[in-house]
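Raw my_file.pdb, PDB, C-alpha atoms:
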ATOM      1  CA  MET F   9      23.946  57.215 -58.202  1.00  0.00           C
ATOM      2  CA  ASP F  10      21.690  54.355 -59.190  1.00  0.00           C
ATOM      3  CA  ALA F  11      18.219  54.424 -57.578  1.00  0.00           C
ATOM      4  CA  PHE F  12      17.946  50.609 -57.455  1.00  0.00           C
ATOM      5  CA  VAL F  13      21.267  50.197 -55.661  1.00  0.00           C
ATOM      6  CA  GLU F  14      20.485  53.035 -53.247  1.00  0.00           C
ATOM      7  CA  LEU F  15      17.102  51.500 -52.412  1.00  0.00           C
ATOM      8  CA  SER F  16      18.704  48.065 -52.041  1.00  0.00           C
ATOM      9  CA  ALA F  17      21.313  49.475 -49.660  1.00  0.00           C
ATOM     10  CA  GLU F  18      18.606  51.102 -47.570  1.00  0.00           C
ATOM     11  CA  LEU F  19      16.513  47.918 -47.476  1.00  0.00           C
ATOM     12  CA  THR F  20      19.347  45.478 -46.752  1.00  0.00           C
ATOM     13  CA  GLY F  21      21.592  47.504 -44.464  1.00  0.00           C
ATOM     14  CA  PHE F  22      24.604  46.817 -46.704  1.00  0.00           C
ATOM     15  CA  SER F  23      26.483  49.645 -48.406  1.00  0.00           C
ATOM     16  CA  VAL F  24      26.276  50.431 -52.096  1.00  0.00           C
ATOM     17  CA  GLU F  25      29.887  49.277 -52.445  1.00  0.00           C
ATOM     18  CA  GLU F  26      29.128  45.945 -50.746  1.00  0.00           C
ATOM     19  CA  LEU F  27      26.185  45.345 -53.055  1.00  0.00           C
ATOM     20  CA  ARG F  28      28.190  46.262 -56.144  1.00  0.00           C
ATOM     21  CA  SER F  29      30.976  43.905 -55.066  1.00  0.00           C
ATOM     22  CA  THR F  30      28.618  40.943 -55.526  1.00  0.00           C
ATOM     23  CA  GLY F  31      28.658  41.495 -59.274  1.00  0.00           C
ATOM     24  CA  LEU F  32      24.898  40.949 -59.388  1.00  0.00           C
ATOM     25  CA  VAL F  33      23.502  44.481 -59.490  1.00  0.00           C
ATOM     26  CA  GLU F  34      22.622  44.486 -63.190  1.00  0.00           C
ATOM     27  CA  GLN F  35      20.952  41.064 -63.068  1.00  0.00           C
ATOM     28  CA  TYR F  36      19.036  41.900 -59.924  1.00  0.00           C
ATOM     29  CA  ARG F  37      17.924  45.273 -61.281  1.00  0.00           C
ATOM     30  CA  ALA F  38      16.412  43.575 -64.333  1.00  0.00           C
ATOM     31  CA  LEU F  39      14.606  41.003 -62.204  1.00  0.00           C
ATOM     32  CA  ALA F  40      13.346  43.376 -59.547  1.00  0.00           C
ATOM     33  CA  ASP F  41      11.728  45.931 -61.843  1.00  0.00           C
ATOM     34  CA  GLY F  42       8.301  46.492 -60.289  1.00  0.00           C
ATOM     35  CA  ALA F  43       8.968  44.127 -57.361  1.00  0.00           C
ATOM     36  CA  SER F  44       7.917  44.789 -53.788  1.00  0.00           C
ATOM     37  CA  GLU F  45      10.446  45.811 -51.169  1.00  0.00           C
ATOM     38  CA  ALA F  46      10.116  42.391 -49.534  1.00  0.00           C
ATOM     39  CA  GLU F  47      10.974  40.667 -52.818  1.00  0.00           C
ATOM     40  CA  VAL F  48      14.062  42.853 -53.260  1.00  0.00           C
ATOM     41  CA  ILE F  49      15.227  42.039 -49.733  1.00  0.00           C
ATOM     42  CA  GLN F  50      14.657  38.325 -50.272  1.00  0.00           C
ATOM     43  CA  LEU F  51      16.554  38.408 -53.567  1.00  0.00           C
ATOM     44  CA  TRP F  52      19.622  40.065 -52.025  1.00  0.00           C
ATOM     45  CA  TYR F  53      19.700  37.926 -48.883  1.00  0.00           C
ATOM     46  CA  THR F  54      18.938  34.520 -50.380  1.00  0.00           C
ATOM     47  CA  GLY F  55      19.897  34.824 -54.050  1.00  0.00           C
ATOM     48  CA  VAL F  56      16.542  33.302 -54.987  1.00  0.00           C
ATOM     49  CA  TRP F  57      13.971  34.979 -57.208  1.00  0.00           C
ATOM     50  CA  ARG F  58      10.432  33.591 -57.150  1.00  0.00           C
ATOM     51  CA  GLY F  59      11.649  30.057 -56.548  1.00  0.00           C
ATOM     52  CA  ALA F  60      14.599  30.063 -58.956  1.00  0.00           C
ATOM     53  CA  VAL F  61      18.284  30.909 -58.667  1.00  0.00           C
ATOM     54  CA  PRO F  62      18.814  33.686 -61.230  1.00  0.00           C
ATOM     55  CA  ALA F  63      22.602  33.447 -61.541  1.00  0.00           C
ATOM     56  CA  GLU F  64      25.403  31.027 -60.702  1.00  0.00           C
ATOM     57  CA  ARG F  65      26.896  33.466 -58.200  1.00  0.00           C
ATOM     58  CA  ALA F  66      23.594  34.300 -56.499  1.00  0.00           C
ATOM     59  CA  TYR F  67      23.834  31.590 -53.818  1.00  0.00           C
ATOM     60  CA  ALA F  68      27.437  32.341 -52.915  1.00  0.00           C
ATOM     61  CA  GLU F  69      26.867  36.115 -52.871  1.00  0.00           C
ATOM     62  CA  GLY F  70      23.697  35.970 -50.750  1.00  0.00           C
ATOM     63  CA  LEU F  71      23.772  38.630 -48.054  1.00  0.00           C
ATOM     64  CA  ALA F  72      22.551  36.142 -45.445  1.00  0.00           C
ATOM     65  CA  TRP F  73      26.005  34.541 -45.429  1.00  0.00           C
ATOM     66  CA  LYS F  74      27.759  37.897 -45.171  1.00  0.00           C
ATOM     67  CA  ALA F  75      25.463  38.956 -42.321  1.00  0.00           C
ATOM     68  CA  LEU F  76      26.372  35.755 -40.458  1.00  0.00           C
ATOM     69  CA  GLY F  77      30.062  36.145 -41.229  1.00  0.00           C
ATOM     70  CA  VAL F  78      30.392  32.652 -42.671  1.00  0.00           C
ATOM     71  CA  ALA F  79      31.128  31.163 -46.077  1.00  0.00           C
ATOM     72  CA  PRO F  80      28.139  29.611 -47.835  1.00  0.00           C
ATOM     73  CA  PRO F  81      28.186  25.828 -47.439  1.00  0.00           C
ATOM     74  CA  GLY F  82      29.914  24.144 -50.336  1.00  0.00           C
ATOM     75  CA  THR F  83      31.667  27.261 -51.631  1.00  0.00           C
ATOM     76  CA  ALA F  84      34.866  27.396 -49.625  1.00  0.00           C
ATOM     77  CA  GLY F  85      36.879  24.680 -47.976  1.00  0.00           C
ATOM     78  CA  PRO F  86      37.312  25.744 -44.352  1.00  0.00           C
ATOM     79  CA  GLY F  87      40.178  23.338 -43.752  1.00  0.00           C
ATOM     80  CA  PHE F  88      40.809  20.527 -41.325  1.00  0.00           C
ATOM     81  CA  GLY F  89      39.938  21.356 -37.723  1.00  0.00           C
ATOM     82  CA  SER F  90      37.989  24.488 -38.611  1.00  0.00           C
ATOM     83  CA  TRP F  91      35.043  23.288 -36.505  1.00  0.00           C
ATOM     84  CA  GLU F  92      37.124  23.996 -33.395  1.00  0.00           C
ATOM     85  CA  ARG F  93      37.176  27.753 -34.071  1.00  0.00           C
ATOM     86  CA  ARG F  94      34.262  30.109 -33.680  1.00  0.00           C
ATOM     87  CA  PRO F  95      33.140  31.825 -36.887  1.00  0.00           C
ATOM     88  CA  ARG F  96      34.759  35.221 -37.302  1.00  0.00           C
ATOM     89  CA  ARG F  97      32.524  38.108 -36.437  1.00  0.00           C
ATOM     90  CA  SER F  98      31.199  40.394 -39.095  1.00  0.00           C
ATOM     91  CA  ALA F  99      32.328  44.006 -39.097  1.00  0.00           C
ATOM     92  CA  ARG F 100      28.649  44.932 -38.819  1.00  0.00           C
TER      93      ARG F 100
END
Please rewrite the model in this file as structure tokens.
Amino acid sequence: MDAFVELSAELTGFSVEELRSTGLVEQYRALADGASEAEVIQLWYTGVWRGAVPAERAYAEGLAWKALGVAPPGTAGPGFGSWERRPRRSAR
């Protein structure tokens, strides 16, 4: 197993499979070489690396949205009347 992904799973509370499903593991590994644990956590949760967005998908795949159980604003049309329903709960 990959040490970076294992460490990321431990730091974020998301499984290795969940992290791999973002499609960002390789990009994040390259960026986070030598980074602090706090920087790795921030990268996974926000999709921002030292003030810049490192990939097009980074915002939409941010773990903050998954932890909240909502779609990132501007990435998915919720549909008319969706404000009347509570957000679905995460399986976490």
#### Entry: Polymer residues at most 12 Å from (26.8, 39.8, -46.9) by only C-alpha atoms, as a ChimeraX atom specification
/F:17,20-30,52-55,66-80,98-100
#### Entry: Using only C-alpha atoms: which of F:Gly31, F:Arg58, F:Arg94, F:Ala11 has the shortest distance to Ala43 in chain F
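Selected residue with least distance to Ala43 in chain F: F:Arg58.
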### Output of the PyMOL selection byres ((chain F and resi 44-48) around 10), listed as a ChimeraX atom specification
/F:12,15-16,19-20,36-37,39-43,49-53,55-58
### Query
Separation of CA of Val13 in chain F and CA of Pro81 in chain F, in Å?
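Atom-to-atom, CA of Val13 in chain F to CA of Pro81 in chain F, that is 26.6 Å.
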When you get a chance, write out N, CA and C atoms for range 20-46 of chain F, as a PDB file, in the frame of the given file.
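What landed in part-v4.pdb:
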ATOM      1  N   THR F  20      18.554  46.605 -47.265  1.00  0.00           N
ATOM      2  CA  THR F  20      19.347  45.478 -46.752  1.00  0.00           C
ATOM      3  C   THR F  20      20.277  45.835 -45.610  1.00  0.00           C
ATOM      4  N   GLY F  21      20.634  47.113 -45.497  1.00  0.00           N
ATOM      5  CA  GLY F  21      21.592  47.504 -44.464  1.00  0.00           C
ATOM      6  C   GLY F  21      23.040  47.336 -44.907  1.00  0.00           C
ATOM      7  N   PHE F  22      23.264  46.933 -46.150  1.00  0.00           N
ATOM      8  CA  PHE F  22      24.604  46.817 -46.704  1.00  0.00           C
ATOM      9  C   PHE F  22      24.878  48.057 -47.549  1.00  0.00           C
ATOM     10  N   SER F  23      26.133  48.437 -47.654  1.00  0.00           N
ATOM     11  CA  SER F  23      26.483  49.645 -48.406  1.00  0.00           C
ATOM     12  C   SER F  23      26.367  49.406 -49.910  1.00  0.00           C
ATOM     13  N   VAL F  24      26.304  50.498 -50.641  1.00  0.00           N
ATOM     14  CA  VAL F  24      26.276  50.431 -52.096  1.00  0.00           C
ATOM     15  C   VAL F  24      27.502  49.676 -52.605  1.00  0.00           C
ATOM     16  N   GLU F  25      28.656  49.943 -52.020  1.00  0.00           N
ATOM     17  CA  GLU F  25      29.887  49.277 -52.445  1.00  0.00           C
ATOM     18  C   GLU F  25      29.811  47.769 -52.196  1.00  0.00           C
ATOM     19  N   GLU F  26      29.260  47.377 -51.046  1.00  0.00           N
ATOM     20  CA  GLU F  26      29.128  45.945 -50.746  1.00  0.00           C
ATOM     21  C   GLU F  26      28.199  45.266 -51.746  1.00  0.00           C
ATOM     22  N   LEU F  27      27.114  45.929 -52.091  1.00  0.00           N
ATOM     23  CA  LEU F  27      26.185  45.345 -53.055  1.00  0.00           C
ATOM     24  C   LEU F  27      26.825  45.254 -54.436  1.00  0.00           C
ATOM     25  N   ARG F  28      27.525  46.284 -54.841  1.00  0.00           N
ATOM     26  CA  ARG F  28      28.190  46.262 -56.144  1.00  0.00           C
ATOM     27  C   ARG F  28      29.260  45.164 -56.203  1.00  0.00           C
ATOM     28  N   SER F  29      29.908  44.907 -55.086  1.00  0.00           N
ATOM     29  CA  SER F  29      30.976  43.905 -55.066  1.00  0.00           C
ATOM     30  C   SER F  29      30.467  42.490 -55.331  1.00  0.00           C
ATOM     31  N   THR F  30      29.167  42.267 -55.226  1.00  0.00           N
ATOM     32  CA  THR F  30      28.618  40.943 -55.526  1.00  0.00           C
ATOM     33  C   THR F  30      28.648  40.639 -57.016  1.00  0.00           C
ATOM     34  N   GLY F  31      28.690  41.688 -57.832  1.00  0.00           N
ATOM     35  CA  GLY F  31      28.658  41.495 -59.274  1.00  0.00           C
ATOM     36  C   GLY F  31      27.282  41.159 -59.809  1.00  0.00           C
ATOM     37  N   LEU F  32      26.249  41.354 -58.996  1.00  0.00           N
ATOM     38  CA  LEU F  32      24.898  40.949 -59.388  1.00  0.00           C
ATOM     39  C   LEU F  32      23.927  42.112 -59.567  1.00  0.00           C
ATOM     40  N   VAL F  33      24.395  43.324 -59.448  1.00  0.00           N
ATOM     41  CA  VAL F  33      23.502  44.481 -59.490  1.00  0.00           C
ATOM     42  C   VAL F  33      22.685  44.530 -60.777  1.00  0.00           C
ATOM     43  N   GLU F  34      23.335  44.380 -61.908  1.00  0.00           N
ATOM     44  CA  GLU F  34      22.622  44.486 -63.190  1.00  0.00           C
ATOM     45  C   GLU F  34      21.569  43.389 -63.338  1.00  0.00           C
ATOM     46  N   GLN F  35      21.916  42.169 -62.973  1.00  0.00           N
ATOM     47  CA  GLN F  35      20.952  41.064 -63.068  1.00  0.00           C
ATOM     48  C   GLN F  35      19.782  41.286 -62.116  1.00  0.00           C
ATOM     49  N   TYR F  36      20.086  41.694 -60.910  1.00  0.00           N
ATOM     50  CA  TYR F  36      19.036  41.900 -59.924  1.00  0.00           C
ATOM     51  C   TYR F  36      18.138  43.076 -60.297  1.00  0.00           C
ATOM     52  N   ARG F  37      18.719  44.120 -60.857  1.00  0.00           N
ATOM     53  CA  ARG F  37      17.924  45.273 -61.281  1.00  0.00           C
ATOM     54  C   ARG F  37      16.892  44.837 -62.318  1.00  0.00           C
ATOM     55  N   ALA F  38      17.316  44.035 -63.279  1.00  0.00           N
ATOM     56  CA  ALA F  38      16.412  43.575 -64.333  1.00  0.00           C
ATOM     57  C   ALA F  38      15.288  42.707 -63.765  1.00  0.00           C
ATOM     58  N   LEU F  39      15.622  41.874 -62.808  1.00  0.00           N
ATOM     59  CA  LEU F  39      14.606  41.003 -62.204  1.00  0.00           C
ATOM     60  C   LEU F  39      13.621  41.772 -61.336  1.00  0.00           C
ATOM     61  N   ALA F  40      14.141  42.720 -60.585  1.00  0.00           N
ATOM     62  CA  ALA F  40      13.346  43.376 -59.547  1.00  0.00           C
ATOM     63  C   ALA F  40      12.533  44.554 -60.039  1.00  0.00           C
ATOM     64  N   ASP F  41      12.525  44.823 -61.318  1.00  0.00           N
ATOM     65  CA  ASP F  41      11.728  45.931 -61.843  1.00  0.00           C
ATOM     66  C   ASP F  41      10.253  45.711 -61.496  1.00  0.00           C
ATOM     67  N   GLY F  42       9.702  46.599 -60.700  1.00  0.00           N
ATOM     68  CA  GLY F  42       8.301  46.492 -60.289  1.00  0.00           C
ATOM     69  C   GLY F  42       8.064  45.568 -59.105  1.00  0.00           C
ATOM     70  N   ALA F  43       9.113  45.046 -58.499  1.00  0.00           N
ATOM     71  CA  ALA F  43       8.968  44.127 -57.361  1.00  0.00           C
ATOM     72  C   ALA F  43       8.695  44.892 -56.074  1.00  0.00           C
ATOM     73  N   SER F  44       8.144  44.191 -55.105  1.00  0.00           N
ATOM     74  CA  SER F  44       7.917  44.789 -53.788  1.00  0.00           C
ATOM     75  C   SER F  44       9.239  44.882 -53.034  1.00  0.00           C
ATOM     76  N   GLU F  45       9.246  45.695 -51.997  1.00  0.00           N
ATOM     77  CA  GLU F  45      10.446  45.811 -51.169  1.00  0.00           C
ATOM     78  C   GLU F  45      10.824  44.474 -50.557  1.00  0.00           C
ATOM     79  N   ALA F  46       9.843  43.703 -50.130  1.00  0.00           N
ATOM     80  CA  ALA F  46      10.116  42.391 -49.534  1.00  0.00           C
ATOM     81  C   ALA F  46      10.785  41.456 -50.534  1.00  0.00           C
TER      82      ALA F  46
END
